[in-house]
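Engineer: Take a look at this one; I'll ask things after.
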Amino acid sequence: MRPTPPRPDVTRVLVLSLLLPLTLLPARAVAVPRAAAADAGWSLAPAGGGRPSFYAEGAPGTVVRDTVSVTNGGGHPVTVSLAADGVLAAFADPRVLVPARSRAEVPFTVRVSGDRTGTITARDAAGRTRSVPLRLRAGVPALSALTVERVAVRADRITYDIVNRGTTTLSPRLAVRADGVLGPVLDRAPRTLPVPLAPGTRTSLAEPWPDRPALDAVDVRLTVTAPDGTRATAGASARFVPWAAVAGCGGAALATATGVTWAAVRRRRGRPSRECSAPDTPTAVPGKRIRPLSEAGTTTGAPT
């Protein structure tokens with residue numbers, strides 16, 4: 001007679017299950033030693049032993065494969081139904097019959113859809129349930145991405161926003177440059193900003209500029225650089241006019257113009273006008289001498 005080959009042990013079953021392709025295979029039953037079957041009833045656990053829960057990690061959308069074990073330590077077969085709660089899982093056999101003192105290993109797949117926690121649950125015909133936690137973690141690749149937005153030139157400062165659009169915390173460096181009509185008026189070397197930027201956050205900052213030009217037209221440009229060299233730039237334009245001086249010059253010009261006008265009016269008022277002459281004022285006639293009435297006598301006659 002040919003000798004019966006030995007039954008594979010648990011370690012060999014685990015290794016073979018890891019070498020199986022992603023396609024789900026039917027559940028298989030494995031005999032459980034009588035020592036393990038001393039506690040009558042059935043239990044649920046991750047295959048391979050030693051794991052209190054399931055854990056899967058991968059990029060979003062990745063399908064991960066694992067195996068769940070249903071152990072029947074009683075003397076009668078048990079049928080259980082498998083389901084997942086909180087995660088997207090598919091079982092090779094959603095309903096499995098486990099013989100007495102046996103263990104059924106059921107492969108399943110789960111899709112990574114983000115960082116979340118769920119459970120793998122089994123229920124028998126009597127309504128009794130067993131469950132095992134399952135945790136998913138989305139492994140997101142490290143990515144540096146940032147932008148500079150809302151750049152504006154104020155009275156004595158430059159305001160701006162930095163947005164971290166990547167997946168890692170950044171401590172970027174900032175460089176500031178401003179060019180006027182006659183050339184550069186501000187050129188600050190890159191320096192590390194004291195505020196770390198968490199992924200997906202926006203931070204409003206201000207760059208002091210107390211010695212800005214009094215009269216100029218400038219173009220300001222801000223450049224931020226991440227530690228890995230990723231950079232972003234943005235700018236704004238501004239016109240500086242000393243309105244107080246302009247207002248003073250305008251007031252002086254108005255005063256001067258007012259003074260000139262008033263002087264002209266006074267000169268015009270000081271000059272006699274024919275329309276305004278007194279009616280009793282005599283008017284000289286060539287060849288005639290006008291005598292006052294006091295000098296004239298009561299007699300009449302031709303003037304001498």
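Here, A, B, ... name the chains of the structure tokens in the order displayed, residue numbers run from 1 inside each chain, and ligands are numbered from 1 in the same displayed order.
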Would you pick out the contacts of Gly229 in chain A at 12 Å or less, using only C-alpha atoms, so that residues sharing its chain but fewer than 2 positions from it are not included, and give the list as a PyMOL selection string?

Structural biologist: chain A and resi 143-146+170-173+223-227+231-232

Engineer: Output all heavy atoms for every residue in that selection, as a short mmCIF file (atom, residue, chain, number, x, y, z; two decimals), in the first residue's frame.

Structural biologist:
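Contents of the output file out.cif:
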data_model
loop_
_atom_site.label_atom_id
_atom_site.label_comp_id
_atom_site.auth_asym_id
_atom_site.auth_seq_id
_atom_site.Cartn_x
_atom_site.Cartn_y
_atom_site.Cartn_z
N LEU A 143 4.30 64.51 -1.66
CA LEU A 143 4.25 65.45 -2.78
C LEU A 143 4.33 66.87 -2.24
O LEU A 143 3.57 67.25 -1.34
CB LEU A 143 2.95 65.28 -3.57
CG LEU A 143 2.69 66.28 -4.69
CD1 LEU A 143 3.74 66.13 -5.78
CD2 LEU A 143 1.30 66.11 -5.27
N SER A 144 5.27 67.65 -2.78
CA SER A 144 5.41 69.06 -2.40
C SER A 144 4.76 69.92 -3.48
O SER A 144 5.12 69.83 -4.66
CB SER A 144 6.89 69.44 -2.24
OG SER A 144 7.47 68.74 -1.17
N ALA A 145 3.82 70.74 -3.07
CA ALA A 145 3.15 71.66 -4.00
C ALA A 145 2.63 72.84 -3.19
O ALA A 145 2.00 72.66 -2.16
CB ALA A 145 2.01 70.96 -4.73
N LEU A 146 2.92 74.05 -3.66
CA LEU A 146 2.48 75.25 -2.95
C LEU A 146 2.28 76.38 -3.94
O LEU A 146 2.81 76.36 -5.04
CB LEU A 146 3.47 75.66 -1.87
CG LEU A 146 4.82 76.25 -2.28
CD1 LEU A 146 5.51 76.84 -1.06
CD2 LEU A 146 5.73 75.21 -2.92
N LEU A 170 5.40 71.72 5.07
CA LEU A 170 6.46 72.48 4.43
C LEU A 170 6.92 73.62 5.32
O LEU A 170 6.14 74.20 6.08
CB LEU A 170 5.99 73.06 3.10
CG LEU A 170 5.54 72.06 2.03
CD1 LEU A 170 5.02 72.81 0.81
CD2 LEU A 170 6.67 71.13 1.65
N SER A 171 8.20 73.94 5.22
CA SER A 171 8.78 75.15 5.80
C SER A 171 9.48 75.89 4.66
O SER A 171 10.71 75.79 4.50
CB SER A 171 9.76 74.82 6.93
OG SER A 171 9.09 74.20 8.02
N PRO A 172 8.73 76.62 3.85
CA PRO A 172 9.30 77.20 2.63
C PRO A 172 10.19 78.40 2.92
O PRO A 172 10.17 78.98 4.01
CB PRO A 172 8.06 77.60 1.83
CG PRO A 172 7.03 77.86 2.86
CD PRO A 172 7.31 76.89 3.98
N ARG A 173 10.97 78.80 1.92
CA ARG A 173 11.81 79.98 1.96
C ARG A 173 11.18 81.06 1.08
O ARG A 173 10.63 80.76 0.03
CB ARG A 173 13.23 79.66 1.48
CG ARG A 173 13.95 78.66 2.38
CD ARG A 173 15.25 78.17 1.76
NE ARG A 173 16.20 79.24 1.56
CZ ARG A 173 17.01 79.72 2.49
NH1 ARG A 173 16.98 79.19 3.72
NH2 ARG A 173 17.86 80.69 2.24
N THR A 223 8.75 85.02 -4.24
CA THR A 223 9.09 83.66 -4.64
C THR A 223 9.23 82.80 -3.40
O THR A 223 10.01 83.14 -2.50
CB THR A 223 10.40 83.63 -5.44
OG1 THR A 223 10.28 84.47 -6.59
CG2 THR A 223 10.71 82.21 -5.89
N VAL A 224 8.46 81.71 -3.32
CA VAL A 224 8.58 80.76 -2.21
C VAL A 224 9.11 79.44 -2.76
O VAL A 224 8.74 79.01 -3.86
CB VAL A 224 7.22 80.54 -1.51
CG1 VAL A 224 6.81 81.79 -0.76
CG2 VAL A 224 6.15 80.15 -2.49
N THR A 225 9.99 78.80 -1.99
CA THR A 225 10.64 77.57 -2.43
C THR A 225 10.53 76.53 -1.33
O THR A 225 10.86 76.80 -0.17
CB THR A 225 12.12 77.83 -2.75
OG1 THR A 225 12.21 78.91 -3.68
CG2 THR A 225 12.76 76.58 -3.35
N ALA A 226 10.05 75.32 -1.68
CA ALA A 226 9.97 74.21 -0.74
C ALA A 226 11.34 73.57 -0.57
O ALA A 226 12.24 73.79 -1.38
CB ALA A 226 8.96 73.18 -1.24
N PRO A 227 11.54 72.78 0.49
CA PRO A 227 12.85 72.16 0.71
C PRO A 227 13.33 71.29 -0.44
O PRO A 227 14.54 71.15 -0.64
CB PRO A 227 12.64 71.33 1.99
CG PRO A 227 11.55 72.05 2.73
CD PRO A 227 10.64 72.58 1.65
N ARG A 231 8.94 75.45 -6.35
CA ARG A 231 8.79 76.87 -6.11
C ARG A 231 7.55 77.42 -6.77
O ARG A 231 6.99 76.81 -7.68
CB ARG A 231 10.01 77.65 -6.59
CG ARG A 231 10.23 77.63 -8.09
CD ARG A 231 11.35 78.58 -8.49
NE ARG A 231 12.55 78.36 -7.71
CZ ARG A 231 13.57 79.21 -7.67
NH1 ARG A 231 13.51 80.35 -8.35
NH2 ARG A 231 14.65 78.94 -6.96
N ALA A 232 7.13 78.58 -6.27
CA ALA A 232 5.98 79.28 -6.83
C ALA A 232 6.24 80.77 -6.70
O ALA A 232 6.89 81.23 -5.76
CB ALA A 232 4.69 78.89 -6.11
#

Engineer: Find the residues around range 75-92 of chain A up to 6 Å (only C-alpha atoms counted), leave out those fewer than 6 positions away in its own chain, and share them as a compact mmCIF listing (two decimals) with N, CA and C atoms, in the first residue's frame.

Structural biologist:
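Listed below is the output, selection-v2.txt:
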# COMPACT_ATOMS: atom_id res chain seq x y z
N LEU A 24 -10.08 35.07 -6.08
CA LEU A 24 -10.46 34.37 -4.85
C LEU A 24 -10.66 32.89 -5.13
N LEU A 25 -10.22 32.08 -4.17
CA LEU A 25 -10.37 30.63 -4.26
C LEU A 25 -11.39 30.17 -3.23
N PRO A 26 -12.00 29.01 -3.42
CA PRO A 26 -12.97 28.51 -2.43
C PRO A 26 -12.30 28.28 -1.08
N VAL A 98 -18.49 24.62 8.18
CA VAL A 98 -17.27 24.22 8.86
C VAL A 98 -17.57 22.93 9.62
N PRO A 99 -16.91 21.82 9.26
CA PRO A 99 -17.15 20.55 9.96
C PRO A 99 -16.71 20.64 11.43
N ALA A 100 -17.12 19.65 12.20
CA ALA A 100 -16.76 19.60 13.61
C ALA A 100 -15.25 19.50 13.76
N PRO A 107 -10.46 33.16 1.83
CA PRO A 107 -9.80 34.35 1.29
C PRO A 107 -10.83 35.46 1.00
N PHE A 108 -10.37 36.68 1.11
CA PHE A 108 -11.22 37.82 0.75
C PHE A 108 -10.33 38.95 0.26
N THR A 109 -10.93 39.87 -0.45
CA THR A 109 -10.23 41.06 -0.91
C THR A 109 -10.93 42.29 -0.34
N VAL A 110 -10.15 43.33 -0.13
CA VAL A 110 -10.68 44.59 0.37
C VAL A 110 -10.04 45.72 -0.42
N ARG A 111 -10.85 46.71 -0.77
CA ARG A 111 -10.36 47.84 -1.55
C ARG A 111 -10.04 49.01 -0.61
N GLY A 118 -13.12 49.18 9.89
CA GLY A 118 -14.34 48.39 9.73
C GLY A 118 -14.21 47.08 10.48
N THR A 119 -15.07 46.15 10.15
CA THR A 119 -15.04 44.84 10.80
C THR A 119 -15.37 43.75 9.79
N ILE A 120 -14.82 42.57 10.05
CA ILE A 120 -15.22 41.34 9.36
C ILE A 120 -16.08 40.55 10.36
N THR A 121 -17.30 40.24 9.95
CA THR A 121 -18.27 39.63 10.87
C THR A 121 -18.77 38.30 10.32
N ALA A 122 -18.94 37.31 11.23
CA ALA A 122 -19.52 36.00 10.89
C ALA A 122 -20.76 35.78 11.77
N ARG A 123 -21.81 35.20 11.18
CA ARG A 123 -23.06 34.93 11.90
C ARG A 123 -23.50 33.50 11.59
N ASP A 124 -23.87 32.76 12.66
CA ASP A 124 -24.32 31.38 12.44
C ASP A 124 -25.85 31.35 12.35

Engineer: Could you check how far CA of Val163 in chain A sits from CA of Leu186 in chain A, in Å to one decimal?

Structural biologist: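 Taking CA of Val163 in chain A and CA of Leu186 in chain A, their separation equals 24.1 Å.
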
Engineer: Excluding Ala238 in chain A and any residue of its chain fewer than 2 positions from it, enumerate the residues within 8 Å of it, using only C-alpha atoms, and give them as a ChimeraX atom specification.

Structural biologist: /A:153,217-220,236,240

Engineer: Output N, CA and C atoms for every residue in the selection just made, as a PDB file, in the first residue's frame.

Structural biologist:
ATOM      1  N   VAL A 153       0.286  95.322  -2.035  1.00  0.00           N
ATOM      2  CA  VAL A 153       1.196  96.282  -1.422  1.00  0.00           C
ATOM      3  C   VAL A 153       0.364  97.258  -0.601  1.00  0.00           C
ATOM      4  N   ALA A 217       6.714 103.941  -9.349  1.00  0.00           N
ATOM      5  CA  ALA A 217       5.813 102.888  -9.805  1.00  0.00           C
ATOM      6  C   ALA A 217       6.600 101.588  -9.772  1.00  0.00           C
ATOM      7  N   VAL A 218       6.185 100.625  -8.942  1.00  0.00           N
ATOM      8  CA  VAL A 218       6.978  99.423  -8.686  1.00  0.00           C
ATOM      9  C   VAL A 218       6.187  98.166  -9.045  1.00  0.00           C
ATOM     10  N   ASP A 219       6.939  97.122  -9.383  1.00  0.00           N
ATOM     11  CA  ASP A 219       6.411  95.775  -9.588  1.00  0.00           C
ATOM     12  C   ASP A 219       7.052  94.874  -8.547  1.00  0.00           C
ATOM     13  N   VAL A 220       6.228  94.280  -7.668  1.00  0.00           N
ATOM     14  CA  VAL A 220       6.701  93.439  -6.566  1.00  0.00           C
ATOM     15  C   VAL A 220       6.520  91.979  -6.952  1.00  0.00           C
ATOM     16  N   ALA A 236       2.564  91.758  -7.698  1.00  0.00           N
ATOM     17  CA  ALA A 236       1.566  92.826  -7.714  1.00  0.00           C
ATOM     18  C   ALA A 236       2.276  94.120  -8.084  1.00  0.00           C
ATOM     19  N   PHE A 240       3.279 104.799  -6.010  1.00  0.00           N
ATOM     20  CA  PHE A 240       3.465 105.604  -4.811  1.00  0.00           C
ATOM     21  C   PHE A 240       3.470 107.076  -5.203  1.00  0.00           C
TER      22      PHE A 240
END

Engineer: Among range 96-263 of chain A, which residues carry a DSSP assignment of alpha helix (DSSP H), reported as an MDAnalysis selection string?

Structural biologist: chainID A and resid 243:263

Engineer: Just how far from CA of Pro213 in chain A is CA of Leu193 in chain A, in Å to one decimal?

Structural biologist: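 Answer for the CA of Leu193 in chain A to CA of Pro213 in chain A separation: 25.2 Å.
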
Engineer: Taking only C-alpha atoms into account, which of A:Gly166, A:Gly200, A:Gly48, A:Pro242 comes nearest Ala142 in chain A?

Structural biologist: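 Of A:Gly166, A:Gly200, A:Gly48, A:Pro242, the one nearest Ala142 in chain A is A:Gly166, counting only C-alpha atoms.
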
Engineer: Considering only C-alpha atoms, state which residue in the set A:Ala198, A:Leu215, A:Val63, A:Leu222 is at the smallest distance from Leu182 in chain A.

Structural biologist: A:Leu215

Engineer: Enumerate, as a VMD selection string, the complete set of residues in range 127-192 of chain A that a backbone-based DSSP assignment places in strand (DSSP E or B).

Structural biologist: chain A and resid 129 to 138 146 to 153 157 to 164 170 173 to 180 183 to 192

Engineer: I need the chosen residues saved as a PDB file, in the first residue's frame, with C-alpha atoms.

Structural biologist:
ATOM      1  CA  THR A 129     -21.942  36.619  15.758  1.00  0.00           C
ATOM      2  CA  ARG A 130     -18.196  36.977  15.945  1.00  0.00           C
ATOM      3  CA  SER A 131     -16.224  39.922  14.546  1.00  0.00           C
ATOM      4  CA  VAL A 132     -12.624  41.009  13.929  1.00  0.00           C
ATOM      5  CA  PRO A 133     -11.541  44.670  13.446  1.00  0.00           C
ATOM      6  CA  LEU A 134     -10.100  45.658  10.075  1.00  0.00           C
ATOM      7  CA  ARG A 135      -8.135  48.859   9.583  1.00  0.00           C
ATOM      8  CA  LEU A 136      -7.324  50.425   6.231  1.00  0.00           C
ATOM      9  CA  ARG A 137      -4.667  53.054   5.656  1.00  0.00           C
ATOM     10  CA  ALA A 138      -4.244  54.907   2.386  1.00  0.00           C
ATOM     11  CA  LEU A 146       2.476  75.245  -2.950  1.00  0.00           C
ATOM     12  CA  THR A 147       1.197  78.540  -4.349  1.00  0.00           C
ATOM     13  CA  VAL A 148       1.485  82.234  -3.477  1.00  0.00           C
ATOM     14  CA  GLU A 149      -1.792  84.143  -3.726  1.00  0.00           C
ATOM     15  CA  ARG A 150      -3.419  87.510  -2.895  1.00  0.00           C
ATOM     16  CA  VAL A 151      -0.239  89.568  -3.088  1.00  0.00           C
ATOM     17  CA  ALA A 152      -0.925  93.232  -2.268  1.00  0.00           C
ATOM     18  CA  VAL A 153       1.196  96.282  -1.422  1.00  0.00           C
ATOM     19  CA  ARG A 157       4.081  96.187   4.121  1.00  0.00           C
ATOM     20  CA  ILE A 158       3.443  93.517   1.499  1.00  0.00           C
ATOM     21  CA  THR A 159       0.661  91.056   2.337  1.00  0.00           C
ATOM     22  CA  TYR A 160       0.262  87.606   0.787  1.00  0.00           C
ATOM     23  CA  ASP A 161      -1.114  84.072   1.280  1.00  0.00           C
ATOM     24  CA  ILE A 162       0.793  80.794   0.994  1.00  0.00           C
ATOM     25  CA  VAL A 163      -1.237  77.644   0.280  1.00  0.00           C
ATOM     26  CA  ASN A 164       0.197  74.145   0.825  1.00  0.00           C
ATOM     27  CA  LEU A 170       6.464  72.477   4.430  1.00  0.00           C
ATOM     28  CA  ARG A 173      11.811  79.984   1.960  1.00  0.00           C
ATOM     29  CA  LEU A 174      10.689  83.437   0.824  1.00  0.00           C
ATOM     30  CA  ALA A 175      12.492  85.909  -1.454  1.00  0.00           C
ATOM     31  CA  VAL A 176      11.162  89.428  -2.180  1.00  0.00           C
ATOM     32  CA  ARG A 177      12.064  91.769  -5.032  1.00  0.00           C
ATOM     33  CA  ALA A 178      10.592  95.074  -6.182  1.00  0.00           C
ATOM     34  CA  ASP A 179      11.607  96.982  -9.340  1.00  0.00           C
ATOM     35  CA  GLY A 180      10.851 100.679  -9.786  1.00  0.00           C
ATOM     36  CA  GLY A 183      15.695  99.947 -11.190  1.00  0.00           C
ATOM     37  CA  PRO A 184      15.464  97.680  -8.120  1.00  0.00           C
ATOM     38  CA  VAL A 185      14.160  99.307  -4.940  1.00  0.00           C
ATOM     39  CA  LEU A 186      13.895  96.135  -2.824  1.00  0.00           C
ATOM     40  CA  ASP A 187      15.872  92.883  -3.018  1.00  0.00           C
ATOM     41  CA  ARG A 188      15.708  90.520  -0.026  1.00  0.00           C
ATOM     42  CA  ALA A 189      17.561  87.204  -0.086  1.00  0.00           C
ATOM     43  CA  PRO A 190      15.603  83.970   0.535  1.00  0.00           C
ATOM     44  CA  ARG A 191      14.937  83.154   4.177  1.00  0.00           C
ATOM     45  CA  THR A 192      12.985  80.354   5.874  1.00  0.00           C
TER      46      THR A 192
END

Engineer: For Val106 in chain A, which residue among A:Gly73, A:Leu205, A:Ala47, A:Phe54 is the nearest when counting only C-alpha atoms?

Structural biologist: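 Residue with the minimum atom-to-atom distance to Val106 in chain A: A:Ala47.
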